[in-house]
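Engineer: Pasting a structure below so you can have a look.
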Number of protein chains: 2
Amino acid sequence: MFTLLKTEGRARRGRYITPHGTIETPVFMNVGTQAAIKGGLDAFDLKAIGCQVELSNTYHLHLLPGDEVIRTLGGLHQFMQWDGPILTDSGGFQVFSLASLRQIKEEGVTFASHLDGRRIFMGPEESMRIQSNLGSDIAMAFDECVENPAPYDYVKASCQRTYRWLVRCQKALAECNQRDEAPNKGQVLWGINQGGTFPDLRKNHMEQIAELDLPGYAVGGLAVGEPAEVMYEILEEVVPVMPQNKPRYLMGVGTPSNIIEAVWRGIDFFDCVLPARNARHGHLYTKNGRINLNNAKYQTDDTPVDEACGCSVCQRYSRAYLRHLLKAEEVLGLRLCVLHNLWFYNHLMADIRQALDQGRFAAFREEWSARLDLRI
Amino acid sequence: MFTLLKTEGRARRGRYITPHGTIETPVFMNVGTQAAIKGGLDAFDLKAIGCQVELSNTYHLHLLPGDEVIRTLGGLHQFMQWDGPILTDSGGFQVFSLASLRQIKEEGVTFASHLDGRRIFMGPEESMRIQSNLGSDIAMAFDECVENPAPYDYVKASCQRTYRWLVRCQKALAECNQRDEAPNKGQVLWGINQGGTFPDLRKNHMEQIAELDLPGYAVGGLAVGEPAEVMYEILEEVVPVMPQNKPRYLMGVGTPSNIIEAVWRGIDFFDCVLPARNARHGHLYTKNGRINLNNAKYQTDDTPVDEACGCSVCQRYSRAYLRHLLKAEEVLGLRLCVLHNLWFYNHLMADIRQALDQGRFAAFREEWSARLDLRI
């Protein structure tokens with residue numbers, strides 16, 4: 001399913017085939033947690049801004065509208081009218097970041113819904129069943145996402161449990177795919193590497209899960225507060241023990257600079273809420289750095305956000321108009337700013353792929369690292 | 001500028017030419033108070049849903065971003081990238097409904113901004129100057145909008161002042177149009193009839209302002225709480241004394257049923273926040289009545305809002321998806337629901353025009369009055 005087309009150092013140019021189409025990597029997945037992109041973008045908008053893969057969330061969709069509802073309606077693709085590849089996060093991260101009153105046992109986790117406090121149990125089997133009902137193309141393993149820093153012994157024991165959970169996920173998804181009512185019988189499972197910031201735990205865990213020969217692997221539990229340099233060091237330790245012939249996904253990352261540095265270290269897949277969140281706060285990306293539309297100097301600025309940008313927002317609207325919409329708290333401001341920032345991210349990835357195709361990614365990386373504003 | 005193409009009883013099929021294009025009437029103007037449609041629609045969305053005229057607001061745009069800012073940026077058309085006709089409300093209604101600490105004098109009104117409490121003075125000259133800076137195609141007269149019910153003597157005196165203000169508006173706009181920096185030198189002034197719910201005051205005031213031979217006239221101060229039947233009675237009194245060869249605008253109206261009844265009584269132009277507001281609350285129009293997406297029965301309803309509707313939302317999405325988006329508080333839900341409801345209104349007007357063209361508006365009206373849900 002994954003083809004390695006070209007490498008430059010550790011950086012890779014690849015291609016991944018899913019039941020809903022082919023993904024050119026490195027790729028940024030656009031985050032539609034609740035089956036919609038924050039700021040009012042729909043599936044047709046995603047197509048227009050160059051999105052290749054949409055990412056939705058097991059935890060959120062289990063709560064609302066409920067994964068059985070989505071299955072009844074033909075699965076997530078049909079529900080949100082996105083006909084391209086979808087990856088679903090397992091819910092693990094949200095159980096550990098959003099939900100409260102958690103009790104972790106070998107079977108799984110009991111927690112209180114952040115919406116109404118309802119007690120919910122989720123383990124590997126439940127997460128796979130939910131993701132099967134959603135019918136995504138890529139299901140992520142249900143894991144424990146440990147906060148950094150955490151004690152060595154706790155992380156070590158957690159890694160072992162996450163491994164046992166992964167084995168159960170593999171078995172459970174295979175069974176789910178046998179169900180007549182599964183909307184996407186070609187759904188596959190990707191494993192998630194954990195181990196906090198301990199290189200030996202990271203490597204041991206990675207070697208262990210690699211033996212399961214899953215069609216893809218993620219690095220989880222990073223970008224949760226540790227300095228970027230720590231993340232890069234972990235990647236330098238763990239990526240070399242990840243299978244060469246499988247896609248590699250760095251979960252929840254990151255800034256343009258983070259992404260370029262991680263591609264440099266051998267990562268293929270990314271996702272992050274940052275570009276949409278920044279957009280909603282008026283922080284817009286340009287090839288010359290980020291601009292903050294809240295600055296008074298943009299009030300009468302009739303130029304587009306980025307003269308060099310080909311997105312529909314930059315073709316049509318001035319910084320002054322976008323700034324006004326945000327100040328006036330018009331939803332349209334969110335929409336236009338998110339459209340621009342996600343276009344920027346998707347096209348940054350296209351530029352990265354082109355640089356890799358042309359064997360000049362090292363030079364590309366140098367150019368970008370000179371743009372300090374983007375390192376934020 | 002206005003051509004009366006056909007009549008059926010008092011109902012009229014007309015055409016109005018502005019510096020930014022021709023308007024086929026009867027018409028519903030889509031409300032973009034702050035130079036954006038609530039729910040995240042932009043000018044290109046408006047085009048796609050059949051909007052002919054956009055309506056923005058003098059009061060709101062004077063406060064944010066400021067009319068001088070918009071003038072500097074080339075006017076409202078350029079600012080929001082809407083190349084069709086724009087009508088600006090005068091700010092009168094908002095001064096009397098939104099602002100506080102009002103002091104009304106012969107010169108104009110002093111009030112406190114609803115945003116920051118800043119004291120602002122607005123009279124006929126200020127309103128015309130602001131609307132000239134915005135560069136709309138149709139500027140509305142600055143008037144006092146009296147609450148219903150109000151004492152007869154107060155309304156009578158207010159009508160006289162509103163008449164004197166109208167004379168000043170006419171002079172002021174003519175001067176504004178002479179300014180080199182005016183973005184739209186073809187801007188015209190429409191007068192507004194007042195008189196509360198007193199037929200004699202309404203008629204006297206209408207006769208008085210008709211003598212000024214303005215290119216259009218509105219009926220203001222209705223749909224502010226009085227029963228619909230009272231509004232229809234006022235229209236039956238006042239419309240016959242409105243000039244035949246000028247467009248007639250019923251401000252702030254209304255439901256589909258209100259609009260059909262007002263067209264029946266001789267009105268050509270409408271505007272209302274209702275369809276967008278209803279949309280945001282999940283109340284969607286169909287040709288068989290309004291549906292409330294909050295009802296649990298829509299949770300797994302895979303049909304579109306209206307099978308007979310040609311809008312992009314009904315072509316693509318299920319009731320279940322829209323309901324989910326609203327429940328999940330996703331901005332996309334607002335956007336899709338507003339797109340549908342405004343499409344419905346714009347196409348209702350197209351159906352009204354077609355019925356008038358074909359001389360069957362009386363029958364059309366009968367069909368609709370049988371759909372009681374739409375009378376809400």
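Each chain in the structure tokens gets a letter, A, B, ..., in the order shown, and its residues are numbered from 1; ligands are numbered from 1 in order too.
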Could you pull out the residues in range 96-128 of chain B that DSSP calls helix (DSSP H, G or I) from the backbone, as a PyMOL selection string?
Structural biologist: chain B and resi 96-97+124-128
Engineer: Using only C-alpha atoms, determine which residues of chain B fall within 8 Å of chain A; present them as a short mmCIF file (atom, residue, chain, number, x, y, z; two decimals) with C-alpha atoms, in the first residue's frame.
Structural biologist:
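Written output follows (selection_21.cif):
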```
data_model
loop_
_atom_site.label_atom_id
_atom_site.label_comp_id
_atom_site.auth_asym_id
_atom_site.auth_seq_id
_atom_site.Cartn_x
_atom_site.Cartn_y
_atom_site.Cartn_z
CA GLN B 34 -21.49 44.46 8.70
CA ALA B 36 -20.84 40.04 5.56
CA ILE B 37 -23.79 37.68 5.74
CA LYS B 38 -24.26 36.15 9.19
CA GLY B 39 -23.22 32.49 9.13
CA GLY B 40 -20.13 32.95 6.98
CA LEU B 41 -21.39 33.72 3.47
CA ASP B 42 -19.38 35.94 1.19
CA LEU B 64 -16.68 49.31 12.55
CA PRO B 65 -14.46 49.57 10.56
CA VAL B 69 -11.90 53.42 6.13
CA THR B 72 -10.34 54.87 1.45
CA LEU B 73 -10.53 51.26 0.31
CA PHE B 79 -14.37 46.14 0.20
CA MET B 80 -16.61 43.09 0.20
CA GLN B 81 -16.10 42.19 -3.47
CA GLN B 299 -30.91 12.37 13.73
CA THR B 300 -30.79 9.55 11.18
CA ASP B 302 -30.60 10.82 5.25
CA ARG B 316 -25.14 17.40 -1.06
CA TYR B 317 -26.12 17.00 2.57
CA SER B 318 -28.63 15.14 4.69
CA TYR B 321 -25.57 15.92 8.88
CA HIS B 324 -25.25 17.06 13.80
CA LEU B 325 -23.33 20.20 12.83
CA LYS B 327 -25.74 20.14 17.80
CA ALA B 328 -21.93 19.99 17.71
CA GLU B 330 -19.84 23.64 14.26
CA VAL B 331 -19.84 26.93 12.34
CA LEU B 332 -20.34 24.88 9.18
CA GLY B 333 -23.87 24.12 10.38
CA LEU B 334 -24.72 27.84 10.46
CA ARG B 335 -23.24 28.35 7.04
#
```
Engineer: Skip range 118-123 of chain A itself and residues of its chain fewer than 3 positions away, then list as a list of chain:residue names all residues within 7 Å of it, counting only C-alpha atoms.
Structural biologist: A:Glu107, A:Gly108, A:Val109, A:Thr110, A:Phe111, A:Ala112, A:Ser113, A:Glu126, A:Ser127
Engineer: Export, as a PDB file, in the first residue's frame, the selected residues with N, CA and C atoms.
Structural biologist:
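Result file follows (again.pdb):
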```
ATOM      1  N   GLU A 107      -8.348  -3.621  30.886  1.00  0.00           N
ATOM      2  CA  GLU A 107      -9.391  -3.725  29.853  1.00  0.00           C
ATOM      3  C   GLU A 107      -9.501  -2.459  29.021  1.00  0.00           C
ATOM      4  N   GLY A 108      -9.317  -1.319  29.671  1.00  0.00           N
ATOM      5  CA  GLY A 108      -9.462  -0.055  28.963  1.00  0.00           C
ATOM      6  C   GLY A 108      -9.658   1.086  29.945  1.00  0.00           C
ATOM      7  N   VAL A 109     -10.326   2.138  29.519  1.00  0.00           N
ATOM      8  CA  VAL A 109     -10.445   3.343  30.335  1.00  0.00           C
ATOM      9  C   VAL A 109     -11.914   3.683  30.549  1.00  0.00           C
ATOM     10  N   THR A 110     -12.266   3.969  31.789  1.00  0.00           N
ATOM     11  CA  THR A 110     -13.590   4.510  32.084  1.00  0.00           C
ATOM     12  C   THR A 110     -13.401   6.005  32.339  1.00  0.00           C
ATOM     13  N   PHE A 111     -14.275   6.804  31.748  1.00  0.00           N
ATOM     14  CA  PHE A 111     -14.108   8.261  31.885  1.00  0.00           C
ATOM     15  C   PHE A 111     -15.459   8.939  31.790  1.00  0.00           C
ATOM     16  N   ALA A 112     -15.467  10.228  32.123  1.00  0.00           N
ATOM     17  CA  ALA A 112     -16.701  11.011  32.038  1.00  0.00           C
ATOM     18  C   ALA A 112     -16.648  11.875  30.781  1.00  0.00           C
ATOM     19  N   SER A 113     -17.716  11.825  30.007  1.00  0.00           N
ATOM     20  CA  SER A 113     -17.827  12.648  28.804  1.00  0.00           C
ATOM     21  C   SER A 113     -17.643  14.126  29.147  1.00  0.00           C
ATOM     22  N   GLU A 126     -13.581  -1.373  21.788  1.00  0.00           N
ATOM     23  CA  GLU A 126     -14.580  -0.321  21.602  1.00  0.00           C
ATOM     24  C   GLU A 126     -14.093   0.706  20.585  1.00  0.00           C
ATOM     25  N   SER A 127     -12.824   1.079  20.701  1.00  0.00           N
ATOM     26  CA  SER A 127     -12.278   2.070  19.761  1.00  0.00           C
ATOM     27  C   SER A 127     -12.320   1.537  18.332  1.00  0.00           C
TER      28      SER A 127
END
```
Engineer: In Å, with one decimal, what is the gap from CA of His205 in chain A to CA of Leu166 in chain A?
Structural biologist: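 Going from CA of His205 in chain A over to CA of Leu166 in chain A, I get 11.3 Å.
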Engineer: Any idea what the distance is between CA of Arg319 in chain A and CA of Thr286 in chain A?
Structural biologist: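 Straight-line distance from CA of Arg319 in chain A to CA of Thr286 in chain A works out to 12.2 Å.
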Engineer: From range 272-372 of chain A, collect each residue whose DSSP state is strand (DSSP E or B) and return the set as an NGL selection string.
Structural biologist: :A and (283-286 or 289-292)
Engineer: Pick out the residues sitting within 12 Å of Gln244 in chain A, and hand them over as a tab-separated table (two decimals) with C-alpha atoms, in the first residue's frame; count only C-alpha atoms, and ignore anything fewer than 5 positions along from it in its own chain.
Structural biologist:
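Contents of the output file result15.tsv:
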```tsv
chain	number	residue	atom	x	y	z
A	2	PHE	CA	2.94	2.37	0.64
A	3	THR	CA	5.49	2.98	-2.08
A	4	LEU	CA	8.72	4.76	-1.33
A	5	LEU	CA	9.34	6.83	-4.46
A	6	LYS	CA	12.49	8.68	-3.53
A	7	THR	CA	14.66	9.59	-0.56
A	10	ARG	CA	16.23	10.44	5.76
A	11	ALA	CA	13.51	12.47	4.03
A	12	ARG	CA	11.11	10.46	1.92
A	13	ARG	CA	8.81	11.06	-1.01
A	14	GLY	CA	6.10	8.37	-1.02
A	210	ALA	CA	6.99	-3.15	14.19
A	213	ASP	CA	3.68	-5.81	10.54
A	215	PRO	CA	0.45	-1.07	7.33
A	216	GLY	CA	1.53	2.16	9.03
A	217	TYR	CA	3.07	3.54	12.21
A	239	VAL	CA	12.61	6.88	13.11
A	266	GLY	CA	11.92	10.80	7.88
A	267	ILE	CA	8.24	11.52	8.69
A	268	ASP	CA	5.50	11.22	6.01
```
